[in-house]
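Colleague: Before I ask anything, let me first share the structure, which is written out below as structure tokens.
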Amino acid sequence: MANQTFSVPNISCNHCVMTIKRELGALKGVSSVDASAQTKQVTVGYDSEATLARVKATLEEIGYPVAA
Ligand SMILES: [Cu+2]
């Protein structure tokens with residue numbers, strides 16, 4: 001298991017945080033999700049590079065793309 005933190009500029013409030021936690025938490029291989037409206041960061045625990053790629057794709061799909 002590894003962790004990675006992403007910068008996600010579109011996080012503006014607690015509703016965004018809840019949406020991200022729900023959507024990423026439903027992905028297979030994701031063991032933990034933390035998100036913050038203060039830091040605009042998302043941290044995930046994941047099991048493989050494929051899961052990490054899906055996390056990024058999902059964030060983009062739901063309107064919270066990871067900053068380059
Ligand atoms: Cu919001």
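Chain labels A, B, ... are given in the sequence in which chains occur in the structure tokens; within each chain residues are numbered consecutively from 1, and ligands are likewise numbered from 1 in the order shown.
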For ligand 1, return the neighbouring residues as a ChimeraX atom specification (distance at most 10 Å; only C-alpha atoms and all ligand atoms).
Modeller: /A:10-20,37
Colleague: To test your reading of the structure, identify every residue in chain A that backbone DSSP assigns to strand (DSSP E), and report it as a ChimeraX atom specification.
Modeller: /A:2-7,30-36,41-46
Colleague: Got a sec: who's within 9 Å of Ala50 (chain A), counting only C-alpha atoms, leaving out chain neighbours fewer than 4 positions off, as an mmCIF file with all heavy atoms, in the first residue's frame?
Modeller:
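Output file out_21.cif follows:
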```cif
data_model
loop_
_atom_site.group_PDB
_atom_site.id
_atom_site.type_symbol
_atom_site.label_atom_id
_atom_site.label_comp_id
_atom_site.auth_asym_id
_atom_site.auth_seq_id
_atom_site.Cartn_x
_atom_site.Cartn_y
_atom_site.Cartn_z
ATOM 1 N N GLY A 29 -9.375 -0.972 -4.845
ATOM 2 C CA GLY A 29 -7.943 -0.761 -4.665
ATOM 3 C C GLY A 29 -7.590 0.502 -3.910
ATOM 4 O O GLY A 29 -6.432 0.725 -3.584
ATOM 5 N N ARG A 54 -6.727 5.339 -12.191
ATOM 6 C CA ARG A 54 -8.181 5.438 -12.124
ATOM 7 C C ARG A 54 -8.610 6.561 -11.184
ATOM 8 O O ARG A 54 -9.608 7.235 -11.429
ATOM 9 C CB ARG A 54 -8.768 4.103 -11.658
ATOM 10 C CG ARG A 54 -10.266 4.187 -11.491
ATOM 11 C CD ARG A 54 -10.959 2.883 -11.704
ATOM 12 N NE ARG A 54 -10.647 2.285 -12.980
ATOM 13 C CZ ARG A 54 -10.971 1.053 -13.326
ATOM 14 N NH1 ARG A 54 -11.639 0.296 -12.484
ATOM 15 N NH2 ARG A 54 -10.667 0.576 -14.499
ATOM 16 N N VAL A 55 -7.869 6.761 -10.111
ATOM 17 C CA VAL A 55 -8.170 7.867 -9.186
ATOM 18 C C VAL A 55 -8.098 9.202 -9.932
ATOM 19 O O VAL A 55 -9.009 10.034 -9.842
ATOM 20 C CB VAL A 55 -7.188 7.861 -7.996
ATOM 21 C CG1 VAL A 55 -7.213 9.190 -7.237
ATOM 22 C CG2 VAL A 55 -7.512 6.709 -7.045
#
```
Colleague: Mind the document's chain letters and residue numbers, and return as a list of chain:residue names the residues of chain A that DSSP labels alpha helix (DSSP H).
Modeller: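 These are the residues in question: A:Asn14, A:His15, A:Cys16, A:Val17, A:Met18, A:Thr19, A:Ile20, A:Lys21, A:Arg22, A:Glu23, A:Leu24, A:Gly25, A:Glu49, A:Ala50, A:Thr51, A:Leu52, A:Ala53, A:Arg54, A:Val55, A:Lys56, A:Ala57, A:Thr58, A:Leu59, A:Glu60, A:Glu61.
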Colleague: By how many Å are CA of Ala68 (chain A) and CA of Phe6 (chain A) apart?
Modeller: 9.3 Å
Colleague: Quick one: pull the distance between CA of Lys28 (chain A) and CA of Thr51 (chain A), Å, one decimal.
Modeller: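 Computing the Euclidean distance for CA of Lys28 (chain A) and CA of Thr51 (chain A) yields 7.4 Å.
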Colleague: Given only C-alpha atoms as the basis, pick out the residue of A:Leu24, A:Val30, A:Ala57, A:Val42 nearest to Pro9 (chain A).
Modeller: A:Val42
Colleague: If you measure from CA of Gln4 (chain A) to CA of Ser32 (chain A), what distance in Å do you get, rounded to one decimal?
Modeller: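 Between these atoms lies a distance of 10.5 Å.
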Colleague: Kindly indicate which residue among A:Met1, A:Gly25, A:Ser7, A:Glu61 lies nearest to Asp47 (chain A), using only C-alpha atoms for the distances.
Modeller: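 Of the candidates, the smallest distance to Asp47 (chain A) is held by A:Met1.
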